[in-house]
>>> print(open('target_30.tsv').read())   # TSV, C-alpha atoms
chain	number	residue	atom	x	y	z
G	1	MET	CA	-30.14	52.04	28.07
G	2	ASN	CA	-30.90	51.15	31.66
G	3	LYS	CA	-31.87	47.52	31.32
G	4	ILE	CA	-29.34	44.83	30.48
G	5	LEU	CA	-31.95	42.18	29.78
G	6	ILE	CA	-34.49	43.05	27.15
G	7	VAL	CA	-37.58	40.87	26.90
G	8	LEU	CA	-38.24	39.72	23.36
G	9	ILE	CA	-41.70	38.37	22.73
G	10	LEU	CA	-41.53	35.26	20.54
G	11	GLY	CA	-45.26	34.66	20.43
G	12	LEU	CA	-44.77	31.74	22.83
G	13	VAL	CA	-45.66	33.25	26.14
G	14	THR	CA	-48.77	31.20	26.77
G	15	LEU	CA	-48.91	27.44	27.19
G	16	SER	CA	-52.58	27.26	26.29
G	17	CYS	CA	-51.64	28.26	22.71
G	18	SER	CA	-53.54	30.72	20.56
G	19	LYS	CA	-57.32	30.82	20.77
G	20	ASN	CA	-57.32	31.09	17.01
G	21	LYS	CA	-58.89	27.82	15.81
G	22	ILE	CA	-57.26	28.14	12.40
G	23	GLU	CA	-53.79	28.35	13.94
G	24	LYS	CA	-54.46	25.31	16.15
G	25	LYS	CA	-55.38	23.14	13.17
G	26	GLY	CA	-51.98	23.14	11.46
G	27	PHE	CA	-51.77	20.43	8.81
G	28	GLN	CA	-52.37	16.69	8.81
G	29	VAL	CA	-49.39	14.30	8.73
G	30	ASN	CA	-51.06	10.97	9.62
G	31	GLU	CA	-54.05	9.06	8.30
G	32	ILE	CA	-57.00	9.57	10.66
G	33	THR	CA	-60.04	7.30	10.85
G	34	GLU	CA	-62.81	6.63	13.35
G	35	ASP	CA	-63.82	3.39	15.05
G	36	GLU	CA	-67.42	2.21	15.49
G	37	SER	CA	-67.88	4.45	18.53
G	38	GLY	CA	-66.66	7.52	16.69
G	39	GLN	CA	-63.29	7.67	18.46
G	40	LYS	CA	-60.44	9.09	16.39
G	41	ILE	CA	-57.75	6.62	15.36
G	42	VAL	CA	-54.40	8.04	14.28
G	43	GLY	CA	-52.95	5.68	11.70
G	44	LEU	CA	-49.90	5.49	9.49
G	45	GLN	CA	-47.83	8.51	8.55
G	46	ILE	CA	-48.68	10.06	5.20
G	47	ASP	CA	-45.69	9.07	3.04
G	48	SER	CA	-45.99	11.75	0.38
G	49	LEU	CA	-46.91	14.92	2.25
G	50	LYS	CA	-47.41	17.42	-0.55
G	51	LEU	CA	-48.88	20.74	0.44
G	52	GLU	CA	-49.84	23.38	-2.08
G	53	THR	CA	-47.47	26.25	-1.31
G	54	GLN	CA	-46.65	29.76	-2.48
G	55	PRO	CA	-43.51	31.89	-2.05
G	56	LYS	CA	-43.76	35.27	-0.35
G	57	SER	CA	-41.29	38.06	-1.13
G	58	VAL	CA	-37.48	37.92	-1.18
G	59	LEU	CA	-35.74	38.78	2.08
G	60	LEU	CA	-32.51	40.76	1.82
G	61	THR	CA	-29.71	39.74	4.18
G	62	PHE	CA	-26.53	41.54	5.19
G	63	ASN	CA	-24.55	39.34	2.80
G	64	ASP	CA	-25.48	40.18	-0.79
G	65	ALA	CA	-24.88	36.58	-1.91
G	66	HIS	CA	-27.62	35.19	0.31
G	67	ARG	CA	-31.34	35.74	-0.12
G	68	LEU	CA	-34.28	34.02	1.59
G	69	THR	CA	-37.84	33.41	0.46
G	70	PRO	CA	-40.49	32.38	3.00
G	71	ILE	CA	-42.90	29.70	1.75
G	72	TYR	CA	-46.54	29.59	2.86
G	73	LYS	CA	-49.21	26.91	2.62
G	74	VAL	CA	-52.08	27.75	0.30
G	75	ASN	CA	-55.45	27.65	2.06
G	76	TYR	CA	-58.96	27.61	0.59
G	77	ASP	CA	-61.94	29.49	1.91
G	78	LYS	CA	-64.65	26.98	2.85
G	79	LYS	CA	-67.44	29.12	1.44
G	80	THR	CA	-65.96	30.73	-1.67
G	81	LYS	CA	-63.31	28.06	-2.40
G	82	LYS	CA	-60.90	30.88	-3.21
G	83	PRO	CA	-57.21	30.31	-2.37
G	84	TRP	CA	-55.42	32.50	0.17
G	85	THR	CA	-52.14	32.52	2.06
G	86	GLY	CA	-50.88	34.08	5.23
G	87	SER	CA	-48.84	37.27	5.10
G	88	ILE	CA	-45.40	38.15	6.43
G	89	GLY	CA	-45.33	39.84	9.82
G	90	TYR	CA	-42.24	41.50	11.28
G	91	HIS	CA	-41.19	41.48	14.93
G	92	ASN	CA	-39.78	44.87	15.91
G	93	SER	CA	-37.85	46.12	18.91
G	94	TRP	CA	-38.02	49.60	20.41
G	95	ASP	CA	-35.72	49.30	23.45
G	96	TYR	CA	-32.43	50.81	22.27
G	97	ASP	CA	-30.51	54.04	22.68
G	98	PRO	CA	-28.28	55.36	19.85
G	99	GLU	CA	-26.49	57.64	22.34
G	100	GLU	CA	-25.16	54.52	24.07
G	101	GLY	CA	-23.91	53.06	20.80
G	102	ASN	CA	-26.96	50.87	20.22
G	103	ASN	CA	-29.02	51.42	17.09
G	104	TRP	CA	-30.88	48.35	15.93
G	105	ASN	CA	-32.93	50.12	13.25
G	106	ARG	CA	-36.07	48.68	14.87
G	107	ASN	CA	-34.91	45.14	14.19
G	108	PHE	CA	-35.84	42.36	16.60
G	109	MET	CA	-32.27	42.16	17.89
G	110	PRO	CA	-29.13	43.93	16.65
G	111	GLY	CA	-28.18	42.26	13.39
G	112	PHE	CA	-31.33	40.13	13.22
G	113	GLU	CA	-34.66	40.68	11.55
G	114	ALA	CA	-37.47	38.33	12.57
G	115	ILE	CA	-40.60	37.34	10.66
G	116	TYR	CA	-43.65	35.18	11.28
G	117	GLY	CA	-46.89	34.29	9.50
G	118	TYR	CA	-49.86	31.93	9.38
G	119	ASN	CA	-49.05	28.52	7.86
G	120	PHE	CA	-45.42	29.48	7.24
G	121	VAL	CA	-44.08	26.05	6.20
G	122	ASN	CA	-40.54	26.41	4.83
G	123	VAL	CA	-37.74	28.77	3.80
G	124	SER	CA	-35.91	28.82	0.48
G	125	HIS	CA	-32.27	29.90	0.47
G	126	TYR	CA	-30.68	31.21	-2.74
G	127	ASN	CA	-26.99	31.88	-3.35
G	128	ASN	CA	-26.50	34.66	-5.89
G	129	GLU	CA	-22.88	33.65	-6.47
G	130	THR	CA	-23.37	29.94	-7.15
G	131	LYS	CA	-26.92	30.35	-8.54
G	132	THR	CA	-28.16	27.47	-6.39
G	133	GLU	CA	-31.28	27.10	-4.24
G	134	ASN	CA	-32.02	24.89	-1.25
G	135	LYS	CA	-34.78	24.56	1.34
G	136	LEU	CA	-34.00	24.82	5.05
G	137	PHE	CA	-36.33	21.88	5.79
G	138	LYS	CA	-36.67	18.72	3.70
G	139	LYS	CA	-40.44	18.54	4.28
G	140	PRO	CA	-43.12	21.04	5.34
G	141	VAL	CA	-43.00	22.22	8.95
G	142	LEU	CA	-44.88	24.88	10.90
G	143	ILE	CA	-42.53	27.82	11.42
G	144	LYS	CA	-43.30	30.25	14.20
G	145	ASN	CA	-40.35	32.65	13.78
G	146	LEU	CA	-37.45	33.03	11.37
G	147	TYR	CA	-34.44	35.14	12.42
G	148	TYR	CA	-32.06	36.17	9.64
G	149	PRO	CA	-29.12	38.60	9.20
G	150	ALA	CA	-30.50	42.13	8.96
G	151	PHE	CA	-29.84	44.13	5.80
G	152	SER	CA	-29.42	47.33	7.84
G	153	LYS	CA	-26.15	48.43	9.43
G	154	ASP	CA	-26.95	47.97	13.11
G	155	THR	CA	-24.70	49.04	15.98
G	156	LEU	CA	-24.18	47.30	19.33
G	157	ASN	CA	-22.06	48.73	22.16
G	158	TYR	CA	-20.46	51.20	19.70
G	159	GLU	CA	-19.45	48.43	17.32
G	160	ALA	CA	-20.76	48.60	13.77
G	161	PRO	CA	-21.94	46.99	11.71
G	162	VAL	CA	-23.32	43.94	13.53
G	163	LYS	CA	-22.94	41.15	11.01
G	164	ARG	CA	-24.62	37.78	11.59
G	165	GLU	CA	-23.59	34.70	9.63
G	166	PHE	CA	-26.41	32.27	10.48
G	167	TYR	CA	-30.17	31.82	10.68
G	168	MET	CA	-32.36	30.77	13.61
G	169	VAL	CA	-35.79	29.14	13.35
G	170	SER	CA	-38.37	28.27	16.02
G	171	VAL	CA	-40.57	25.57	14.58
G	172	TYR	CA	-43.06	22.76	15.09
G	173	ASP	CA	-41.51	20.01	12.96
G	174	GLU	CA	-42.96	16.81	14.42
G	175	ASP	CA	-46.31	15.48	15.58
G	176	THR	CA	-44.96	15.05	19.10
G	177	ASN	CA	-48.35	14.60	20.80
G	178	LYS	CA	-49.44	11.98	18.23
G	179	ASP	CA	-52.77	13.55	17.30
G	180	GLY	CA	-52.15	13.25	13.55
G	181	PHE	CA	-51.35	16.94	13.01
G	182	ILE	CA	-48.36	19.26	13.22
G	183	ASN	CA	-49.63	22.33	15.04
G	184	VAL	CA	-49.00	24.60	18.02
G	185	LYS	CA	-49.97	21.84	20.47
G	186	ASP	CA	-46.72	20.02	19.66
G	187	LEU	CA	-43.28	20.69	21.14
G	188	ARG	CA	-41.61	23.71	19.66
G	189	ARG	CA	-37.99	23.24	18.58
G	190	PHE	CA	-35.31	25.89	18.08
G	191	TYR	CA	-32.59	25.42	15.43
G	192	HIS	CA	-29.79	27.32	13.78
G	193	PHE	CA	-28.46	26.96	10.21
G	194	ASN	CA	-25.24	28.23	8.68
G	195	ILE	CA	-25.21	31.11	6.20
G	196	ASN	CA	-25.87	28.65	3.33
G	197	GLY	CA	-29.02	27.34	5.02
G	198	LEU	CA	-27.34	24.03	5.85
G	199	ASP	CA	-25.92	22.17	8.86
G	200	LYS	CA	-29.06	22.31	11.02
G	201	LYS	CA	-28.34	22.10	14.75
G	202	ALA	CA	-30.67	22.25	17.77
G	203	PHE	CA	-30.18	24.89	20.46
G	204	ILE	CA	-32.40	23.02	22.94
G	205	PRO	CA	-32.91	19.24	23.37
G	206	GLN	CA	-35.74	17.51	21.51
G	207	ASP	CA	-37.74	16.85	24.70
G	208	TYR	CA	-38.13	20.59	25.42
G	209	SER	CA	-40.56	23.15	24.02
G	210	ALA	CA	-39.43	26.76	23.52
G	211	LEU	CA	-41.59	29.37	25.25
G	212	SER	CA	-40.01	32.83	25.10
G	213	SER	CA	-36.68	34.63	25.10
G	214	GLU	CA	-34.71	37.54	26.51
G	215	TYR	CA	-31.83	39.43	24.93
G	216	ASP	CA	-28.71	40.38	26.92
G	217	TRP	CA	-27.17	43.25	24.93
G	218	ALA	CA	-24.17	43.59	27.29
G	219	ASN	CA	-22.96	40.10	26.33
G	220	ASP	CA	-24.83	39.71	23.02
G	221	TYR	CA	-26.53	36.61	24.39
G	222	MET	CA	-30.00	35.25	23.78
G	223	TYR	CA	-31.73	33.38	26.61
G	224	VAL	CA	-34.40	30.87	25.61
G	225	PHE	CA	-36.98	29.75	28.15
G	226	ALA	CA	-38.26	26.22	27.52
G	227	LYS	CA	-40.55	23.65	29.12
G	228	LYS	CA	-39.21	20.14	29.64
G	229	ASP	CA	-41.63	17.42	28.57
G	230	THR	CA	-41.14	15.37	31.73
G	231	ASN	CA	-44.18	13.12	31.25
G	232	GLN	CA	-43.20	12.52	27.61
G	233	ASN	CA	-46.66	13.15	26.20
G	234	GLY	CA	-45.30	15.41	23.46
G	235	GLN	CA	-46.74	18.72	24.64
G	236	ALA	CA	-45.79	21.50	27.05
G	237	GLU	CA	-47.88	21.73	30.23
G	238	SER	CA	-48.03	24.33	32.99
G	239	ASN	CA	-46.93	21.93	35.73
G	240	GLU	CA	-43.75	20.94	33.89
G	241	PRO	CA	-40.43	22.65	34.77
G	242	THR	CA	-39.19	25.71	32.91
G	243	GLU	CA	-35.45	25.88	32.22
G	244	ILE	CA	-33.29	28.49	30.49
G	245	PHE	CA	-30.72	28.03	27.72
G	246	TRP	CA	-28.16	30.61	26.58
G	247	ILE	CA	-26.90	31.27	23.06
G	248	ASP	CA	-23.82	33.31	22.18
G	249	LEU	CA	-24.99	35.25	19.13
G	250	LYS	CA	-21.38	36.07	18.21
G	251	ASN	CA	-20.78	32.34	17.79
G	252	PRO	CA	-23.85	30.06	17.61
G	253	GLU	CA	-21.67	26.99	18.19
G	254	ASN	CA	-21.30	28.29	21.75
G	255	PHE	CA	-24.46	27.60	23.76
G	256	GLY	CA	-25.60	25.79	26.90
G	257	LYS	CA	-27.97	25.72	29.86
G	258	HIS	CA	-28.27	28.82	32.03
G	259	TYR	CA	-30.81	27.58	34.58
G	260	ASN	CA	-31.58	23.98	35.54
G	261	ALA	CA	-34.87	23.30	37.34
G	262	LYS	CA	-34.65	20.99	40.36
>>> encode(input="target_30.tsv", output="structure tokens")
Amino acid sequence: MNKILIVLILGLVTLSCSKNKIEKKGFQVNEITEDESGQKIVGLQIDSLKLETQPKSVLLTFNDAHRLTPIYKVNYDKKTKKPWTGSIGYHNSWDYDPEEGNNWNRNFMPGFEAIYGYNFVNVSHYNNETKTENKLFKKPVLIKNLYYPAFSKDTLNYEAPVKREFYMVSVYDEDTNKDGFINVKDLRRFYHFNINGLDKKAFIPQDYSALSSEYDWANDYMYVFAKKDTNQNGQAESNEPTEIFWIDLKNPENFGKHYNAK
């Protein structure tokens, strides 16, 4: 493998967001009315946000005691009124070389599988030993990517297997731009959870929006590029500074800022 830094596309590479109108819509979290001139008025937060949801598959992790189930919002076709949900998509990586002791089994990163999907709103964690279930998020959010311990026996720098003991989630979890919706126009946060799907911690500060990442296989680091919301309008803009944060994937408690914009 000739390159130390491997670019990993997180689906965040453009600030203009997807041109897909469905993806932009997200879901409503505030009461919205119009004044006499037809201008939109964003009112009080909806207290009991209850979305119709549906589980999708059971994800196997490296640890047999821990299983994940992605949860998707149920949508209805405007014409036929029939319900439908998004499907699970997998991010794959192809830049590895088994002869150099790196076999990731096409996973996103060694030891991590990564999934995405339209209107992906929560993740259920189940412990096969204690027979207990818990959700990663207390209320619906808009998940862009979920990274979880791969079931395969991956190798990295001749060490095998690569065993991860935590989850990472990039997510829109707040109506940061105050338009009444949670969608891709809001700031995108990046969290990690322990192996039990608890103890949520942020990798980047709340006033940043994650954009993309790179993987450093020599150090087993992940670099996250993020825009700082300097004008505090709750959305990432092209003229705002981009900074870089590093994450030690061997120990997610060890992270910091790699590049500080001046």
>>> residues_around(input="target_30.tsv", residues="Ala150 of chain G", least_positions_apart="5", cutoff="7 Å", atoms="all atoms listed in the file", output="CSV table (one decimal) with C-alpha atoms, keeping the file's coordinate frame")
chain,number,residue,atom,x,y,z
G,61,THR,CA,-29.7,39.7,4.2
G,62,PHE,CA,-26.5,41.5,5.2
G,111,GLY,CA,-28.2,42.3,13.4
G,112,PHE,CA,-31.3,40.1,13.2
G,113,GLU,CA,-34.7,40.7,11.6
>>> residues_near_point(input="target_30.tsv", point="(-40.9, 32.7, 1.3)", cutoff="9 Å", atoms="only C-alpha atoms", output="VMD selection string")
chain G and resid 54 to 59 68 to 72 88 120 to 124
>>> residues_around(input="target_30.tsv", residues="segment 216-230 of chain G", least_positions_apart="6", cutoff="7 Å", atoms="all atoms listed in the file", output="NGL selection string")
:G and (4-6 or 207-210 or 236 or 240-250)
>>> write_last_selection(input="target_30.tsv", atoms="C-alpha atoms", output="PDB file, in the frame of the given file")
ATOM      1  CA  ILE G   4     -29.340  44.830  30.480  1.00  0.00           C
ATOM      2  CA  LEU G   5     -31.950  42.180  29.780  1.00  0.00           C
ATOM      3  CA  ILE G   6     -34.490  43.050  27.150  1.00  0.00           C
ATOM      4  CA  ASP G 207     -37.740  16.850  24.700  1.00  0.00           C
ATOM      5  CA  TYR G 208     -38.130  20.590  25.420  1.00  0.00           C
ATOM      6  CA  SER G 209     -40.560  23.150  24.020  1.00  0.00           C
ATOM      7  CA  ALA G 210     -39.430  26.760  23.520  1.00  0.00           C
ATOM      8  CA  ALA G 236     -45.790  21.500  27.050  1.00  0.00           C
ATOM      9  CA  GLU G 240     -43.750  20.940  33.890  1.00  0.00           C
ATOM     10  CA  PRO G 241     -40.430  22.650  34.770  1.00  0.00           C
ATOM     11  CA  THR G 242     -39.190  25.710  32.910  1.00  0.00           C
ATOM     12  CA  GLU G 243     -35.450  25.880  32.220  1.00  0.00           C
ATOM     13  CA  ILE G 244     -33.290  28.490  30.490  1.00  0.00           C
ATOM     14  CA  PHE G 245     -30.720  28.030  27.720  1.00  0.00           C
ATOM     15  CA  TRP G 246     -28.160  30.610  26.580  1.00  0.00           C
ATOM     16  CA  ILE G 247     -26.900  31.270  23.060  1.00  0.00           C
ATOM     17  CA  ASP G 248     -23.820  33.310  22.180  1.00  0.00           C
ATOM     18  CA  LEU G 249     -24.990  35.250  19.130  1.00  0.00           C
ATOM     19  CA  LYS G 250     -21.380  36.070  18.210  1.00  0.00           C
TER      20      LYS G 250
END
>>> atom_distance(input="target_30.tsv", atom1="atom CA of Ser212 of chain G", atom2="atom CA of Ile143 of chain G")
14.8 Å
>>> residues_around(input="target_30.tsv", residues="segment 125-138 of chain G", least_positions_apart="5", cutoff="6 Å", atoms="all atoms listed in the file", output="PDB file with C-alpha atoms, in the frame of the given file")
ATOM      1  CA  ALA G  65     -24.880  36.580  -1.910  1.00  0.00           C
ATOM      2  CA  HIS G  66     -27.620  35.190   0.310  1.00  0.00           C
ATOM      3  CA  ARG G  67     -31.340  35.740  -0.120  1.00  0.00           C
ATOM      4  CA  LEU G  68     -34.280  34.020   1.590  1.00  0.00           C
ATOM      5  CA  GLY G 197     -29.020  27.340   5.020  1.00  0.00           C
TER       6      GLY G 197
END
>>> residues_around(input="target_30.tsv", residues="Gln235 of chain G", least_positions_apart="6", cutoff="6 Å", atoms="all atoms listed in the file", output="list in words")
Asn177, Asp186 and Leu187 of chain G
>>> atom_distance(input="target_30.tsv", atom1="atom CA of Val171 of chain G", atom2="atom CA of Asn103 of chain G")
28.4 Å
>>> atom_distance(input="target_30.tsv", atom1="atom CA of Asn145 of chain G", atom2="atom CA of Asn231 of chain G")
26.5 Å
>>> residues_around(input="target_30.tsv", residues="Tyr76 of chain G", least_positions_apart="3", cutoff="12 Å", atoms="all atoms listed in the file", output="list in words")
Ile22, Glu52, Thr53, Lys73, Lys79, Thr80, Lys81, Lys82, Pro83, Trp84, Thr85 and Gly86 of chain G
>>> closest_residue(input="target_30.tsv", among="G:Asn157, G:Asn254, G:Ser152, G:Gln232", to="Ala202 of chain G", atoms="all atoms listed in the file")
G:Asn254
>>> residues_near_point(input="target_30.tsv", point="(-30.7, 26.1, 8.7)", cutoff="8 Å", atoms="all atoms listed in the file", output="list in words")
Leu136, Phe137, Phe166, Tyr167, Met168, Val169, Tyr191, His192, Phe193, Asn194, Ile195, Asn196, Gly197, Leu198, Asp199, Lys200 and Lys201 of chain G
>>> build_atoms(input="target_30.tsv", residues="segment 200-221 of chain G", atoms="N, CA and C atoms", output="PDB file, keeping the file's coordinate frame")
ATOM      1  N   LYS G 200     -28.074  22.025   9.970  1.00  0.00           N
ATOM      2  CA  LYS G 200     -29.060  22.310  11.020  1.00  0.00           C
ATOM      3  C   LYS G 200     -28.620  21.716  12.358  1.00  0.00           C
ATOM      4  N   LYS G 201     -28.683  22.549  13.413  1.00  0.00           N
ATOM      5  CA  LYS G 201     -28.340  22.100  14.750  1.00  0.00           C
ATOM      6  C   LYS G 201     -29.377  22.638  15.742  1.00  0.00           C
ATOM      7  N   ALA G 202     -29.674  21.856  16.778  1.00  0.00           N
ATOM      8  CA  ALA G 202     -30.670  22.250  17.770  1.00  0.00           C
ATOM      9  C   ALA G 202     -30.023  23.009  18.916  1.00  0.00           C
ATOM     10  N   PHE G 203     -30.640  24.127  19.300  1.00  0.00           N
ATOM     11  CA  PHE G 203     -30.180  24.890  20.460  1.00  0.00           C
ATOM     12  C   PHE G 203     -30.658  24.254  21.771  1.00  0.00           C
ATOM     13  N   ILE G 204     -31.850  23.662  21.748  1.00  0.00           N
ATOM     14  CA  ILE G 204     -32.400  23.020  22.940  1.00  0.00           C
ATOM     15  C   ILE G 204     -32.697  21.560  22.621  1.00  0.00           C
ATOM     16  N   PRO G 205     -32.644  20.666  23.621  1.00  0.00           N
ATOM     17  CA  PRO G 205     -32.910  19.240  23.370  1.00  0.00           C
ATOM     18  C   PRO G 205     -34.303  18.990  22.821  1.00  0.00           C
ATOM     19  N   GLN G 206     -34.493  17.841  22.179  1.00  0.00           N
ATOM     20  CA  GLN G 206     -35.740  17.510  21.510  1.00  0.00           C
ATOM     21  C   GLN G 206     -36.915  17.341  22.466  1.00  0.00           C
ATOM     22  N   ASP G 207     -36.647  17.058  23.752  1.00  0.00           N
ATOM     23  CA  ASP G 207     -37.740  16.850  24.700  1.00  0.00           C
ATOM     24  C   ASP G 207     -38.087  18.146  25.459  1.00  0.00           C
ATOM     25  N   TYR G 208     -37.766  19.285  24.868  1.00  0.00           N
ATOM     26  CA  TYR G 208     -38.130  20.590  25.420  1.00  0.00           C
ATOM     27  C   TYR G 208     -39.003  21.325  24.405  1.00  0.00           C
ATOM     28  N   SER G 209     -39.760  22.306  24.891  1.00  0.00           N
ATOM     29  CA  SER G 209     -40.560  23.150  24.020  1.00  0.00           C
ATOM     30  C   SER G 209     -40.261  24.611  24.330  1.00  0.00           C
ATOM     31  N   ALA G 210     -39.792  25.352  23.325  1.00  0.00           N
ATOM     32  CA  ALA G 210     -39.430  26.760  23.520  1.00  0.00           C
ATOM     33  C   ALA G 210     -40.665  27.586  23.863  1.00  0.00           C
ATOM     34  N   LEU G 211     -40.486  28.533  24.785  1.00  0.00           N
ATOM     35  CA  LEU G 211     -41.590  29.370  25.250  1.00  0.00           C
ATOM     36  C   LEU G 211     -41.401  30.837  24.898  1.00  0.00           C
ATOM     37  N   SER G 212     -40.261  31.403  25.289  1.00  0.00           N
ATOM     38  CA  SER G 212     -40.010  32.830  25.100  1.00  0.00           C
ATOM     39  C   SER G 212     -38.515  33.070  25.193  1.00  0.00           C
ATOM     40  N   SER G 213     -38.110  34.342  25.025  1.00  0.00           N
ATOM     41  CA  SER G 213     -36.680  34.630  25.100  1.00  0.00           C
ATOM     42  C   SER G 213     -36.429  36.005  25.685  1.00  0.00           C
ATOM     43  N   GLU G 214     -35.194  36.228  26.089  1.00  0.00           N
ATOM     44  CA  GLU G 214     -34.710  37.540  26.510  1.00  0.00           C
ATOM     45  C   GLU G 214     -33.369  37.795  25.844  1.00  0.00           C
ATOM     46  N   TYR G 215     -33.096  39.062  25.558  1.00  0.00           N
ATOM     47  CA  TYR G 215     -31.830  39.430  24.930  1.00  0.00           C
ATOM     48  C   TYR G 215     -30.951  40.172  25.920  1.00  0.00           C
ATOM     49  N   ASP G 216     -29.706  39.769  26.042  1.00  0.00           N
ATOM     50  CA  ASP G 216     -28.710  40.380  26.920  1.00  0.00           C
ATOM     51  C   ASP G 216     -27.745  41.155  26.017  1.00  0.00           C
ATOM     52  N   TRP G 217     -27.984  42.477  25.873  1.00  0.00           N
ATOM     53  CA  TRP G 217     -27.170  43.250  24.930  1.00  0.00           C
ATOM     54  C   TRP G 217     -25.761  43.497  25.448  1.00  0.00           C
ATOM     55  N   ALA G 218     -25.523  43.392  26.764  1.00  0.00           N
ATOM     56  CA  ALA G 218     -24.170  43.590  27.290  1.00  0.00           C
ATOM     57  C   ALA G 218     -23.230  42.482  26.839  1.00  0.00           C
ATOM     58  N   ASN G 219     -23.764  41.254  26.739  1.00  0.00           N
ATOM     59  CA  ASN G 219     -22.960  40.100  26.330  1.00  0.00           C
ATOM     60  C   ASN G 219     -23.291  39.609  24.924  1.00  0.00           C
ATOM     61  N   ASP G 220     -24.331  40.173  24.320  1.00  0.00           N
ATOM     62  CA  ASP G 220     -24.830  39.710  23.020  1.00  0.00           C
ATOM     63  C   ASP G 220     -25.238  38.242  23.114  1.00  0.00           C
ATOM     64  N   TYR G 221     -26.007  37.953  24.161  1.00  0.00           N
ATOM     65  CA  TYR G 221     -26.530  36.610  24.390  1.00  0.00           C
ATOM     66  C   TYR G 221     -28.051  36.618  24.210  1.00  0.00           C
TER      67      TYR G 221
END
